[in-house]
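Here is model.cif, consisting of mmCIF, C-alpha atoms and all ligand atoms:
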```
data_input
loop_
_atom_site.label_atom_id
_atom_site.label_comp_id
_atom_site.auth_asym_id
_atom_site.auth_seq_id
_atom_site.Cartn_x
_atom_site.Cartn_y
_atom_site.Cartn_z
CA MET A 1406 172.80 133.93 158.87
CA THR A 1407 171.25 133.30 155.46
CA ASP A 1408 170.88 129.63 154.54
CA ILE A 1409 173.53 128.89 151.90
CA LEU A 1410 171.00 127.00 149.77
CA THR A 1411 168.42 129.73 149.66
CA GLY A 1412 170.46 132.88 150.02
CA SER A 1413 173.14 134.79 148.18
CA GLY A 1414 175.75 132.11 149.01
CA HIS A 1415 174.15 129.57 146.65
CA PRO A 1416 176.73 128.32 144.12
CA ALA A 1417 174.31 128.99 141.22
CA LEU A 1418 174.66 132.71 141.92
CA ARG A 1419 178.38 132.76 141.14
CA PRO A 1420 179.45 134.14 137.74
CA GLU A 1421 180.57 131.75 135.00
CA ARG A 1422 182.12 131.87 131.56
CA ILE A 1423 181.12 130.15 128.33
CA GLY A 1424 183.78 130.74 125.72
CA ARG A 1425 184.54 134.46 125.87
CA LEU A 1426 181.21 135.38 127.44
CA THR A 1427 180.84 136.14 131.11
CA LEU A 1428 177.50 135.25 132.66
CA ALA A 1429 176.26 136.99 135.83
CA ASN A 1430 175.32 133.62 137.35
CA ARG A 1431 174.89 129.92 136.55
CA LEU A 1432 171.10 129.92 136.26
CA VAL A 1433 169.95 129.34 132.68
CA VAL A 1434 166.40 129.44 131.31
CA ALA A 1435 165.93 126.09 129.53
CA PRO A 1436 164.62 126.21 125.96
CA MET A 1437 160.80 126.04 126.00
CA THR A 1438 158.53 125.88 122.98
CA ARG A 1439 155.55 128.20 123.38
CA VAL A 1440 153.96 127.98 119.90
CA SER A 1441 153.07 131.67 120.12
CA ALA A 1442 154.76 133.18 117.05
CA ALA A 1443 152.79 134.61 114.11
CA PRO A 1444 151.72 132.02 111.50
CA ASP A 1445 154.74 133.00 109.36
CA GLY A 1446 157.12 132.27 112.26
CA THR A 1447 157.76 135.91 113.22
CA PRO A 1448 158.20 136.47 116.98
CA THR A 1449 155.53 138.71 118.53
CA PRO A 1450 155.71 141.61 121.03
CA GLU A 1451 154.26 139.22 123.63
CA MET A 1452 157.30 136.99 123.11
CA THR A 1453 159.56 140.02 123.67
CA ASP A 1454 157.87 140.62 127.04
CA TYR A 1455 158.10 136.92 127.89
CA TYR A 1456 161.87 136.71 127.33
CA THR A 1457 162.55 140.14 128.87
CA ALA A 1458 160.86 139.01 132.11
CA TYR A 1459 163.48 136.26 132.58
CA ALA A 1460 166.29 138.76 132.02
CA GLN A 1461 164.76 141.23 134.48
CA GLY A 1462 164.35 138.31 136.89
CA GLY A 1463 168.12 137.89 136.92
CA PHE A 1464 168.84 134.77 134.84
CA GLY A 1465 172.46 134.86 133.63
CA LEU A 1466 171.57 133.17 130.34
CA LEU A 1467 168.36 132.56 128.39
CA ILE A 1468 168.10 129.87 125.74
CA THR A 1469 165.18 130.43 123.37
CA GLU A 1470 162.58 127.91 122.39
CA GLY A 1471 163.53 125.60 119.50
CA THR A 1472 163.49 127.79 116.38
CA TYR A 1473 163.22 126.35 112.89
CA THR A 1474 166.08 126.68 110.46
CA ASP A 1475 164.90 126.22 106.86
CA THR A 1476 161.86 126.38 104.59
CA VAL A 1477 161.93 122.68 103.83
CA TYR A 1478 161.56 120.04 106.58
CA SER A 1479 162.76 121.75 109.78
CA GLN A 1480 159.55 123.27 111.16
CA GLY A 1481 158.12 121.16 113.99
CA TYR A 1482 154.89 122.91 114.96
CA LEU A 1483 152.54 125.58 113.68
CA ASN A 1484 153.24 128.97 115.32
CA GLN A 1485 156.80 127.92 116.08
CA PRO A 1486 159.19 130.85 115.54
CA GLY A 1487 161.67 130.66 112.68
CA ILE A 1488 164.99 132.28 111.82
CA VAL A 1489 164.77 132.04 108.06
CA SER A 1490 163.68 135.54 106.89
CA ALA A 1491 164.57 139.21 107.32
CA GLU A 1492 161.28 139.66 109.25
CA HIS A 1493 162.32 136.93 111.68
CA VAL A 1494 165.72 138.57 112.20
CA ALA A 1495 164.17 141.99 112.85
CA ALA A 1496 161.68 140.64 115.41
CA TRP A 1497 164.31 138.56 117.22
CA ARG A 1498 166.53 141.67 117.36
CA GLU A 1499 163.86 143.41 119.49
CA ILE A 1500 164.11 140.48 121.89
CA THR A 1501 167.91 140.37 122.10
CA GLU A 1502 168.06 144.14 122.65
CA GLN A 1503 165.60 144.03 125.56
CA VAL A 1504 167.34 141.04 127.12
CA HIS A 1505 170.74 142.71 126.85
CA ALA A 1506 169.36 145.96 128.28
CA ALA A 1507 168.25 143.97 131.34
CA GLY A 1508 171.75 142.52 131.75
CA SER A 1509 171.37 138.90 130.53
CA ARG A 1510 172.81 136.92 127.66
CA ILE A 1511 170.69 135.01 125.17
CA PHE A 1512 171.35 132.04 122.87
CA MET A 1513 169.01 130.83 120.15
CA GLN A 1514 168.15 127.14 120.08
CA LEU A 1515 168.26 125.98 116.45
CA MET A 1516 165.87 123.10 115.85
CA HIS A 1517 165.13 120.77 112.97
CA GLY A 1518 162.09 118.61 113.78
CA GLY A 1519 162.84 115.83 111.29
CA ALA A 1520 160.39 112.95 111.73
CA LEU A 1521 158.87 114.67 114.80
CA SER A 1522 157.18 117.44 112.85
CA GLN A 1523 153.50 117.94 113.54
CA GLY A 1524 152.98 121.26 111.77
CA ASN A 1525 155.02 122.67 108.89
CA ARG A 1526 153.72 125.52 106.74
CA TYR A 1527 156.19 124.62 103.99
CA ARG A 1528 155.54 120.84 103.63
CA ASP A 1529 152.93 118.17 104.36
CA ASP A 1530 155.35 115.23 104.60
CA THR A 1531 158.26 114.65 106.99
CA ALA A 1532 161.88 113.52 106.57
CA GLY A 1533 164.28 111.69 108.89
CA PRO A 1534 167.36 109.48 108.83
CA SER A 1535 165.35 106.36 107.93
CA ALA A 1536 161.76 105.51 107.07
CA VAL A 1537 160.93 104.39 110.64
CA PRO A 1538 157.57 105.39 112.17
CA PRO A 1539 158.26 107.44 115.33
CA ARG A 1540 157.20 106.00 118.70
CA GLY A 1541 154.28 107.50 120.57
CA GLU A 1542 151.86 110.15 119.45
CA LYS A 1543 151.99 113.83 118.47
CA LEU A 1544 152.10 116.38 121.30
CA PRO A 1545 148.75 118.02 122.16
CA GLU A 1546 150.46 120.86 124.08
CA TYR A 1547 152.00 121.98 120.79
CA GLY A 1548 148.80 121.44 118.81
CA GLY A 1549 149.18 117.84 117.54
CA SER A 1550 147.11 114.68 117.80
CA GLY A 1551 147.28 111.09 116.52
CA ARG A 1552 150.20 109.05 115.25
CA TRP A 1553 153.27 110.57 113.62
CA PRO A 1554 153.60 109.82 109.91
CA THR A 1555 156.48 107.67 108.69
CA PRO A 1556 159.24 110.00 107.43
CA ARG A 1557 160.94 109.83 104.07
CA ALA A 1558 164.57 108.62 104.45
CA MET A 1559 166.83 111.62 103.79
CA SER A 1560 169.19 111.56 100.82
CA LEU A 1561 172.71 112.97 101.09
CA ALA A 1562 171.40 116.11 99.36
CA ASP A 1563 168.64 116.42 102.01
CA ILE A 1564 171.30 116.16 104.74
CA GLU A 1565 173.37 118.87 103.08
CA THR A 1566 170.29 121.12 102.93
CA ALA A 1567 169.60 120.53 106.63
CA VAL A 1568 173.22 121.33 107.62
CA ASP A 1569 173.16 124.43 105.44
CA GLY A 1570 169.94 125.53 107.16
CA PHE A 1571 171.62 125.32 110.57
CA VAL A 1572 174.63 127.31 109.33
CA ARG A 1573 172.61 130.09 107.66
CA SER A 1574 170.32 130.30 110.67
CA ALA A 1575 173.27 130.62 113.04
CA ALA A 1576 174.56 133.51 110.92
CA ARG A 1577 171.11 135.14 110.99
CA ALA A 1578 170.94 134.63 114.77
CA ARG A 1579 174.23 136.48 115.17
CA GLU A 1580 172.87 139.26 112.94
CA ALA A 1581 169.82 139.44 115.24
CA GLY A 1582 172.10 140.07 118.21
CA PHE A 1583 172.25 136.63 119.82
CA ASP A 1584 175.32 135.84 121.94
CA GLY A 1585 175.39 132.27 120.70
CA VAL A 1586 173.39 129.38 119.32
CA GLU A 1587 172.49 125.97 120.71
CA VAL A 1588 172.01 123.14 118.24
CA HIS A 1589 169.00 121.07 119.33
CA GLY A 1590 170.50 117.60 119.39
CA ALA A 1591 168.13 116.34 122.11
CA ASN A 1592 164.62 115.08 122.82
CA GLY A 1593 164.02 113.05 119.66
CA TYR A 1594 164.28 115.73 116.96
CA LEU A 1595 166.33 115.37 113.75
CA VAL A 1596 169.88 115.45 115.15
CA ASP A 1597 168.84 113.06 117.93
CA GLN A 1598 167.08 110.81 115.39
CA PHE A 1599 170.47 110.37 113.73
CA LEU A 1600 172.10 109.63 117.12
CA THR A 1601 169.50 107.04 118.07
CA ASP A 1602 170.04 103.40 117.08
CA TYR A 1603 166.36 102.57 116.47
CA THR A 1604 165.53 105.60 114.29
CA ASN A 1605 168.79 105.57 112.33
CA LEU A 1606 169.03 102.38 110.25
CA ARG A 1607 171.27 103.95 107.58
CA ASP A 1608 174.06 101.91 106.04
CA ASP A 1609 176.09 104.96 104.93
CA SER A 1610 178.61 106.97 106.98
CA TYR A 1611 175.78 108.74 108.90
CA GLY A 1612 174.61 105.43 110.40
CA GLY A 1613 175.99 102.26 111.97
CA PRO A 1614 178.01 102.47 115.19
CA VAL A 1615 177.75 105.51 117.44
CA ALA A 1616 180.76 107.12 115.72
CA GLY A 1617 178.67 107.22 112.51
CA ARG A 1618 175.42 108.20 114.22
CA VAL A 1619 177.07 111.27 115.82
CA ARG A 1620 178.40 112.44 112.46
CA LEU A 1621 175.47 114.76 111.66
CA ALA A 1622 175.65 116.45 115.08
CA ALA A 1623 179.40 116.99 114.74
CA GLU A 1624 179.08 118.22 111.15
CA VAL A 1625 176.46 120.81 112.12
CA VAL A 1626 178.60 122.16 114.97
CA ALA A 1627 181.77 122.19 112.84
CA ALA A 1628 180.01 123.88 109.91
CA ILE A 1629 178.60 126.65 112.12
CA ARG A 1630 182.00 127.10 113.75
CA ALA A 1631 183.70 127.30 110.32
CA GLU A 1632 181.20 129.92 109.12
CA LEU A 1633 181.09 132.09 112.24
CA GLY A 1634 184.64 131.81 113.53
CA GLY A 1635 186.13 130.97 116.91
CA GLU A 1636 184.52 133.60 119.14
CA PHE A 1637 180.80 132.95 118.63
CA CYS A 1638 179.32 130.53 121.17
CA VAL A 1639 178.08 127.32 119.54
CA GLY A 1640 176.68 124.78 121.98
CA ILE A 1641 174.69 121.61 121.58
CA ARG A 1642 171.91 120.04 123.64
CA LEU A 1643 171.79 116.26 124.00
CA SER A 1644 169.56 113.86 125.89
CA GLN A 1645 168.99 110.16 126.32
CA THR A 1646 165.21 110.51 126.75
CA LYS A 1647 162.89 112.00 124.13
CA VAL A 1648 159.53 113.74 123.99
CA ASN A 1649 158.18 110.50 122.52
CA ASP A 1650 160.30 108.06 124.59
CA PHE A 1651 160.97 108.78 128.28
CA VAL A 1652 162.84 105.51 128.89
CA HIS A 1653 165.49 105.46 126.14
CA ARG A 1654 169.14 105.18 127.22
CA TRP A 1655 172.21 105.28 124.99
CA PRO A 1656 172.76 101.56 124.31
CA GLY A 1657 176.53 101.64 124.85
CA GLY A 1658 176.24 103.67 128.09
CA THR A 1659 179.53 105.29 129.09
CA HIS A 1660 181.25 104.16 125.88
CA ASP A 1661 178.67 105.89 123.67
CA ALA A 1662 178.72 108.99 125.86
CA LYS A 1663 182.50 109.30 125.53
CA VAL A 1664 182.38 108.92 121.74
CA ILE A 1665 179.60 111.51 121.42
CA PHE A 1666 181.17 114.08 123.77
CA ALA A 1667 184.65 113.74 122.22
CA ALA A 1668 183.27 114.15 118.68
CA LEU A 1669 181.40 117.33 119.63
CA ALA A 1670 184.37 118.86 121.44
CA GLU A 1671 186.54 118.05 118.42
CA ALA A 1672 183.93 119.73 116.18
CA GLY A 1673 184.40 122.96 118.15
CA ALA A 1674 181.44 123.05 120.57
CA SER A 1675 181.64 125.83 123.18
CA TYR A 1676 179.52 123.95 125.74
CA LEU A 1677 177.32 120.87 126.17
CA HIS A 1678 173.80 121.00 127.58
CA ILE A 1679 172.42 117.67 128.77
CA ALA A 1680 168.62 117.59 128.91
CA SER A 1681 166.47 115.23 130.88
CA GLU A 1682 163.12 115.31 129.05
CA GLY A 1683 160.35 113.89 131.19
CA ARG A 1684 162.70 112.83 134.00
CA ASP A 1685 164.64 114.33 136.89
CA TRP A 1686 168.40 114.88 136.29
CA ILE A 1687 169.52 112.08 138.59
CA GLU A 1688 167.23 109.53 136.92
CA THR A 1689 168.92 109.95 133.55
CA ALA A 1690 172.35 111.10 134.75
CA ARG A 1691 173.65 107.85 136.26
CA LEU A 1692 175.85 105.90 133.86
CA ASP A 1693 177.64 102.61 134.39
CA GLY A 1694 180.85 102.93 136.41
CA GLY A 1695 179.37 105.38 138.92
CA VAL A 1696 179.84 108.55 136.83
CA THR A 1697 177.10 110.98 135.93
CA ILE A 1698 176.46 111.89 132.31
CA THR A 1699 177.11 115.58 132.95
CA GLY A 1700 180.23 114.90 135.03
CA LEU A 1701 181.57 112.64 132.28
CA ALA A 1702 180.87 115.33 129.67
CA ARG A 1703 183.01 117.74 131.72
CA GLN A 1704 185.82 115.22 132.13
CA VAL A 1705 185.93 114.20 128.47
CA THR A 1706 185.67 117.69 126.95
CA GLY A 1707 186.87 120.19 129.56
CA LEU A 1708 184.00 122.39 128.31
CA PRO A 1709 181.29 124.07 130.41
CA VAL A 1710 178.37 121.68 130.90
CA ILE A 1711 174.76 122.63 131.69
CA ALA A 1712 172.73 120.10 133.73
CA ASN A 1713 168.94 119.99 133.45
CA GLY A 1714 165.97 118.25 135.04
CA GLY A 1715 164.26 119.38 138.24
CA MET A 1716 166.87 122.04 139.05
CA HIS A 1717 164.18 124.23 140.65
CA ASP A 1718 165.01 121.94 143.60
CA LEU A 1719 167.72 124.33 144.69
CA THR A 1720 169.31 121.81 147.04
CA GLN A 1721 169.83 119.45 144.12
CA ALA A 1722 171.14 122.35 141.99
CA ALA A 1723 173.67 123.25 144.71
CA GLN A 1724 174.88 119.66 144.94
CA VAL A 1725 175.21 119.27 141.18
CA LEU A 1726 177.36 122.40 141.00
CA SER A 1727 179.38 121.88 144.17
CA ASP A 1728 180.11 118.19 143.51
CA GLY A 1729 181.48 118.88 140.01
CA HIS A 1730 178.64 117.32 138.02
CA ALA A 1731 178.06 120.50 135.98
CA ASP A 1732 179.04 124.16 135.63
CA LEU A 1733 175.57 125.61 135.11
CA VAL A 1734 171.97 124.45 135.60
CA SER A 1735 169.04 125.12 133.30
CA VAL A 1736 165.53 125.47 134.65
CA GLY A 1737 162.37 124.87 132.61
CA ARG A 1738 159.13 124.48 134.55
CA GLY A 1739 160.61 126.21 137.60
CA ALA A 1740 161.35 129.26 135.44
CA LEU A 1741 157.79 129.29 134.05
CA ALA A 1742 156.54 129.49 137.63
CA ASN A 1743 159.33 131.90 138.68
CA PRO A 1744 160.67 134.14 135.91
CA ASP A 1745 162.51 135.88 138.77
CA LEU A 1746 164.03 132.71 140.28
CA PRO A 1747 167.58 134.15 140.59
CA ARG A 1748 166.29 137.25 142.40
CA ARG A 1749 164.18 135.11 144.73
CA LEU A 1750 167.17 132.89 145.46
CA GLY A 1751 169.36 135.90 146.22
CA GLN A 1752 166.74 137.29 148.60
CA GLY A 1753 166.08 133.96 150.30
CA LEU A 1754 162.45 133.85 149.06
CA PRO A 1755 160.94 130.41 148.35
CA PRO A 1756 160.13 129.65 144.70
CA ALA A 1757 156.49 129.25 143.62
CA GLU A 1758 155.30 125.76 142.60
CA PHE A 1759 154.83 125.05 138.90
CA ASP A 1760 151.21 124.32 137.95
CA HIS A 1761 150.83 122.28 134.76
CA MET A 1762 147.46 123.94 134.11
CA MET A 1763 149.47 126.97 133.01
CA LEU A 1764 150.26 125.11 129.76
CA GLN A 1765 146.72 123.81 129.08
CA PRO A 1766 145.23 123.09 126.64
CA MET A 1767 148.35 124.28 124.76
CA ALA A 1768 151.68 125.69 125.94
CA THR A 1769 150.99 129.17 124.52
CA LEU A 1770 151.79 132.50 126.14
CA GLY A 1771 148.10 133.40 125.83
CA ASN A 1772 147.04 130.39 127.91
CA ALA A 1773 149.67 131.21 130.55
CA ARG A 1774 148.33 134.78 130.68
CA GLN A 1775 144.78 133.51 131.24
CA TRP A 1776 146.00 131.11 133.91
CA ARG A 1777 147.77 133.98 135.72
CA GLN A 1778 144.65 136.16 135.53
CA ALA A 1779 142.52 133.34 136.95
CA ALA A 1780 145.06 132.69 139.70
CA ARG A 1781 145.50 136.48 140.24
CA ILE A 1782 149.30 136.18 140.06
C1 LIG B 1801 156.49 123.94 127.68
C2 LIG B 1801 157.83 123.27 127.43
C3 LIG B 1801 158.43 123.41 126.19
C4 LIG B 1801 159.68 122.82 125.94
N1 LIG B 1801 160.30 123.05 124.73
C5 LIG B 1801 161.59 122.66 124.55
C6 LIG B 1801 162.32 123.09 123.40
O1 LIG B 1801 161.86 123.86 122.55
N2 LIG B 1801 163.60 122.64 123.28
C7 LIG B 1801 164.19 121.82 124.20
O2 LIG B 1801 165.36 121.44 124.04
N3 LIG B 1801 163.51 121.42 125.31
C8 LIG B 1801 162.25 121.85 125.51
N4 LIG B 1801 161.59 121.52 126.68
C9 LIG B 1801 162.29 120.75 127.73
C10 LIG B 1801 162.91 121.70 128.77
O3 LIG B 1801 163.94 122.49 128.20
C11 LIG B 1801 163.51 120.90 129.94
O4 LIG B 1801 164.49 120.03 129.45
C12 LIG B 1801 162.46 120.10 130.71
O5 LIG B 1801 161.34 120.91 131.04
C13 LIG B 1801 163.06 119.53 132.01
O6 LIG B 1801 163.57 120.58 132.80
P1 LIG B 1801 162.75 121.12 134.12
O7 LIG B 1801 162.67 119.96 135.06
O8 LIG B 1801 163.58 122.25 134.63
O9 LIG B 1801 161.40 121.57 133.65
C14 LIG B 1801 160.32 122.06 126.94
C15 LIG B 1801 159.69 121.93 128.19
C16 LIG B 1801 158.48 122.54 128.45
C17 LIG B 1801 157.86 122.41 129.83
#
```

File written out as structure tokens:
Amino acid sequence: MTDILTGSGHPALRPERIGRLTLANRLVVAPMTRVSAAPDGTPTPEMTDYYTAYAQGGFGLLITEGTYTDTVYSQGYLNQPGIVSAEHVAAWREITEQVHAAGSRIFMQLMHGGALSQGNRYRDDTAGPSAVPPRGEKLPEYGGSGRWPTPRAMSLADIETAVDGFVRSAARAREAGFDGVEVHGANGYLVDQFLTDYTNLRDDSYGGPVAGRVRLAAEVVAAIRAELGGEFCVGIRLSQTKVNDFVHRWPGGTHDAKVIFAALAEAGASYLHIASEGRDWIETARLDGGVTITGLARQVTGLPVIANGGMHDLTQAAQVLSDGHADLVSVGRGALANPDLPRRLGQGLPPAEFDHMMLQPMATLGNARQWRQAARI
């Protein structure tokens, strides 16, 4: 008999729905920045092959790397893909067509870097909720070094421009054939900077208590929903930890989580994706009162919830799904090492180990190719 955790009986291999979409299984490729687009942000043929491999490997849903949304302050890194021009739309369409032909669904992650921008072809300065220097240092794997600059505090007009960028980009993503979009509200980027008490010191209605700090996130989701109607999938990714702060926790714990989740459900989100940057799911999932953050998100919203963080441990993934902590699991590093993880799981084959050298000195597709050639994989 096949072991339920490694064979076709694994709960991650059951179909699932998000909104009106049916997914072949509950295994999702987590969004992963690869800084491999052309300098003008146009996706390359190598990126088409990269995404198609996950679809051919059997993932039910792919979420793209964070993609920038305007020609002002959103770009986070040089060679990050964008969704702001007709050329971007045409190149992304190649990707969505190949992914669909291989039987998967694909959402675009829409990202505004805010204060955590370390390469922007449109601007030299950065903008965020308040003029607070970000913690930590720029990310070498995406081509940065040294301290982050202090951002300019955004005016109400700047906020409107940022929201408009998300909305127009969502419309362009639909035009490019995407099945949905995911607003990047996690990991320390703009939307998360507004959510976070120590980066958002505003005294207007976008700041203050958590109900004010979640306003930007809710406005972005509601504005996309209003523009694109009820059937298009509009999700949002949230996290307590950040690329530049692995220890942060929402200060009000369960209370804050309930306020945030309820506001996003009310805004019309189709699903919530809870990331665990730099930590395993269980390390960031436990809230006060014995609930998990993903389980609470399900309870409060009734929406599908994607759990993340070390889900290439397929025993943990099975428990998370079977015990009602989440509806789907997203896999980052485990998918880099195993673009065919769902097929392997179905056939009872063990997954390959992730080797961090694959992303050195930068997380580009070219470096991963060289690593594979050296390792003869
Ligand atoms: C190379 C790399 C790039 C990443 N880029 C993004 C990104 O663009 N957007 C995002 O929300 N998370 C990003 N992440 C975080 C992953 O989506 C995921 O949350 C993290 O790797 C933990 O999941 P894992 O344990 O399955 O790897 C990135 C992670 C890696 C390894």

key: Nearest candidate to ligand LIG 1801 (chain B) (options A:Gly1613, A:Pro1545, A:Pro1486, A:Gly1683; using all atoms listed in the file)   =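 For ligand LIG 1801 (chain B), the nearest of the candidates is A:Gly1683.
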
key: Long-range neighbours of Glu1636 in chain A as a VMD selection string, 10 Å cut-off, all atoms listed in the file, 6 positions minimum in chain   = chain A and resid 1424 to 1426 1584 to 1585 1630 1675

query = Quick one: residues within 6 Å of ligand LIG 1801 (chain B), with all atoms listed in the file, as a list of chain:residue names?
reply =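 Using all atoms listed in the file, everything at most 6 Å from ligand LIG 1801 (chain B) comes to A:Ala1435, A:Pro1436, A:Met1437, A:Thr1438, A:Glu1470, A:Gly1471, A:His1589, A:Ala1680, A:Ser1681, A:Glu1682, A:Asn1713, A:Gly1714, A:Gly1715, A:Met1716, A:Val1736, A:Gly1737, A:Arg1738, A:Gly1739, A:Ala1768.
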
Go ahead and write the residues just picked, C-alpha atoms, as a PDB file, in the coordinates of the input.
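Output saved as out-v5.pdb:
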```pdb
ATOM      1  CA  ALA A1435     165.930 126.090 129.530  1.00  0.00           C
ATOM      2  CA  PRO A1436     164.620 126.210 125.960  1.00  0.00           C
ATOM      3  CA  MET A1437     160.800 126.040 126.000  1.00  0.00           C
ATOM      4  CA  THR A1438     158.530 125.880 122.980  1.00  0.00           C
ATOM      5  CA  GLU A1470     162.580 127.910 122.390  1.00  0.00           C
ATOM      6  CA  GLY A1471     163.530 125.600 119.500  1.00  0.00           C
ATOM      7  CA  HIS A1589     169.000 121.070 119.330  1.00  0.00           C
ATOM      8  CA  ALA A1680     168.620 117.590 128.910  1.00  0.00           C
ATOM      9  CA  SER A1681     166.470 115.230 130.880  1.00  0.00           C
ATOM     10  CA  GLU A1682     163.120 115.310 129.050  1.00  0.00           C
ATOM     11  CA  ASN A1713     168.940 119.990 133.450  1.00  0.00           C
ATOM     12  CA  GLY A1714     165.970 118.250 135.040  1.00  0.00           C
ATOM     13  CA  GLY A1715     164.260 119.380 138.240  1.00  0.00           C
ATOM     14  CA  MET A1716     166.870 122.040 139.050  1.00  0.00           C
ATOM     15  CA  VAL A1736     165.530 125.470 134.650  1.00  0.00           C
ATOM     16  CA  GLY A1737     162.370 124.870 132.610  1.00  0.00           C
ATOM     17  CA  ARG A1738     159.130 124.480 134.550  1.00  0.00           C
ATOM     18  CA  GLY A1739     160.610 126.210 137.600  1.00  0.00           C
ATOM     19  CA  ALA A1768     151.680 125.690 125.940  1.00  0.00           C
TER      20      ALA A1768
END
```

ask   = So how far away is CA of Tyr1611 in chain A from CA of Tyr1473 in chain A, in Å?
value = 22.0 Å

note = Counting all atoms listed in the file, the residue among A:Glu1492, A:His1517, A:Glu1451, A:Ala1623 that lies closest to Arg1774 in chain A is A:Glu1451

query = CA of Trp1497 in chain A and CA of Gly1463 in chain A, how far apart in Å?
reply = 20.1 Å

key: Between CA of Asp1732 in chain A and CA of His1415 in chain A - distance in Å to one decimal   =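 Separation between CA of His1415 in chain A and CA of Asp1732 in chain A: 13.2 Å.
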
request  = Find the residue from A:Ala1460, A:Ala1616, A:Ala1628, A:Val1725 that sits nearest to Gly1657 in chain A; use only C-alpha atoms when measuring.
outcome  =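 With only C-alpha atoms as the atom set, the closest residue is A:Ala1616.
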
ask   = Which protein, DNA or RNA residues are at most 9 Å from (166.1, 129.0, 106.4) in the file's coordinates when you count all atoms listed in the file, listed as a ChimeraX atom specification?
value = /A:1473-1477,1479,1487-1490,1569-1571,1573-1574

key: Spatial neighbours of Leu1521 in chain A, max dist 7 Å, only C-alpha atoms, sep filter under 3 positions, as a ChimeraX atom specification   = /A:1481,1518,1594

ask   = If we count all atoms listed in the file, what is near Val1664 in chain A at a cut-off of 12 Å, once residues fewer than 6 positions away on the same chain are taken out, given as an MDAnalysis selection string?
value = chainID A and resid 1600 1614:1620 1623 1655 1657:1658 1670:1671 1701:1702 1705:1706

Shell of 12 Å around Pro1444 in chain A, all atoms listed in the file, local chain residues under 4 positions omitted, as a short mmCIF file (atom, residue, chain, number, x, y, z; two decimals) with C-alpha atoms, in the frame of the given file:
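What follows is the written file result-v4.cif:
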```
data_model
loop_
_atom_site.label_atom_id
_atom_site.label_comp_id
_atom_site.auth_asym_id
_atom_site.auth_seq_id
_atom_site.Cartn_x
_atom_site.Cartn_y
_atom_site.Cartn_z
CA VAL A 1440 153.96 127.98 119.90
CA PRO A 1448 158.20 136.47 116.98
CA THR A 1449 155.53 138.71 118.53
CA GLN A 1480 159.55 123.27 111.16
CA TYR A 1482 154.89 122.91 114.96
CA LEU A 1483 152.54 125.58 113.68
CA ASN A 1484 153.24 128.97 115.32
CA GLN A 1485 156.80 127.92 116.08
CA PRO A 1486 159.19 130.85 115.54
CA GLY A 1487 161.67 130.66 112.68
CA HIS A 1493 162.32 136.93 111.68
CA GLY A 1524 152.98 121.26 111.77
CA ASN A 1525 155.02 122.67 108.89
CA ARG A 1526 153.72 125.52 106.74
CA TYR A 1527 156.19 124.62 103.99
#
```

query = Quick one: of A:Ile1698, A:Gln1752, A:Gly1635, A:Lys1647, who's nearest to Ile1665 in chain A, counting all atoms listed in the file?
reply =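 Closest to Ile1665 in chain A of all the choices is A:Ile1698.
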
request  = Kindly extract all protein, DNA and RNA residues lying within 6 Å of the coordinates (151.3, 126.5, 124.8) given in the file, considering all atoms listed in the file, and supply them as a list in words.
outcome  = Arg1439, Val1440, Glu1546, Leu1764, Met1767, Ala1768 and Thr1769 of chain A

ask   = Which is closest to His1717 in chain A among A:Gly1729, A:Pro1420, A:Pro1747, A:Gly1700, if we use all atoms listed in the file?
value =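 Between A:Gly1729, A:Pro1420, A:Pro1747, A:Gly1700, the residue approaching His1717 in chain A most closely is A:Pro1747.
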
Exercise: Arg1510 in chain A partners within 12 Å, all atoms listed in the file, chain neighbours under 2 positions left out, as a tab-separated table (two decimals) with C-alpha atoms, in the frame of the given file:
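The resulting file, out_24.tsv, is reproduced below:
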```tsv
chain	number	residue	atom	x	y	z
A	1421	GLU	CA	180.57	131.75	135.00
A	1422	ARG	CA	182.12	131.87	131.56
A	1423	ILE	CA	181.12	130.15	128.33
A	1426	LEU	CA	181.21	135.38	127.44
A	1427	THR	CA	180.84	136.14	131.11
A	1428	LEU	CA	177.50	135.25	132.66
A	1429	ALA	CA	176.26	136.99	135.83
A	1430	ASN	CA	175.32	133.62	137.35
A	1431	ARG	CA	174.89	129.92	136.55
A	1432	LEU	CA	171.10	129.92	136.26
A	1433	VAL	CA	169.95	129.34	132.68
A	1434	VAL	CA	166.40	129.44	131.31
A	1456	TYR	CA	161.87	136.71	127.33
A	1457	THR	CA	162.55	140.14	128.87
A	1459	TYR	CA	163.48	136.26	132.58
A	1460	ALA	CA	166.29	138.76	132.02
A	1461	GLN	CA	164.76	141.23	134.48
A	1463	GLY	CA	168.12	137.89	136.92
A	1464	PHE	CA	168.84	134.77	134.84
A	1465	GLY	CA	172.46	134.86	133.63
A	1466	LEU	CA	171.57	133.17	130.34
A	1467	LEU	CA	168.36	132.56	128.39
A	1468	ILE	CA	168.10	129.87	125.74
A	1469	THR	CA	165.18	130.43	123.37
A	1500	ILE	CA	164.11	140.48	121.89
A	1501	THR	CA	167.91	140.37	122.10
A	1502	GLU	CA	168.06	144.14	122.65
A	1503	GLN	CA	165.60	144.03	125.56
A	1504	VAL	CA	167.34	141.04	127.12
A	1505	HIS	CA	170.74	142.71	126.85
A	1506	ALA	CA	169.36	145.96	128.28
A	1507	ALA	CA	168.25	143.97	131.34
A	1508	GLY	CA	171.75	142.52	131.75
A	1512	PHE	CA	171.35	132.04	122.87
A	1513	MET	CA	169.01	130.83	120.15
A	1582	GLY	CA	172.10	140.07	118.21
A	1583	PHE	CA	172.25	136.63	119.82
A	1584	ASP	CA	175.32	135.84	121.94
A	1585	GLY	CA	175.39	132.27	120.70
A	1586	VAL	CA	173.39	129.38	119.32
A	1638	CYS	CA	179.32	130.53	121.17
```
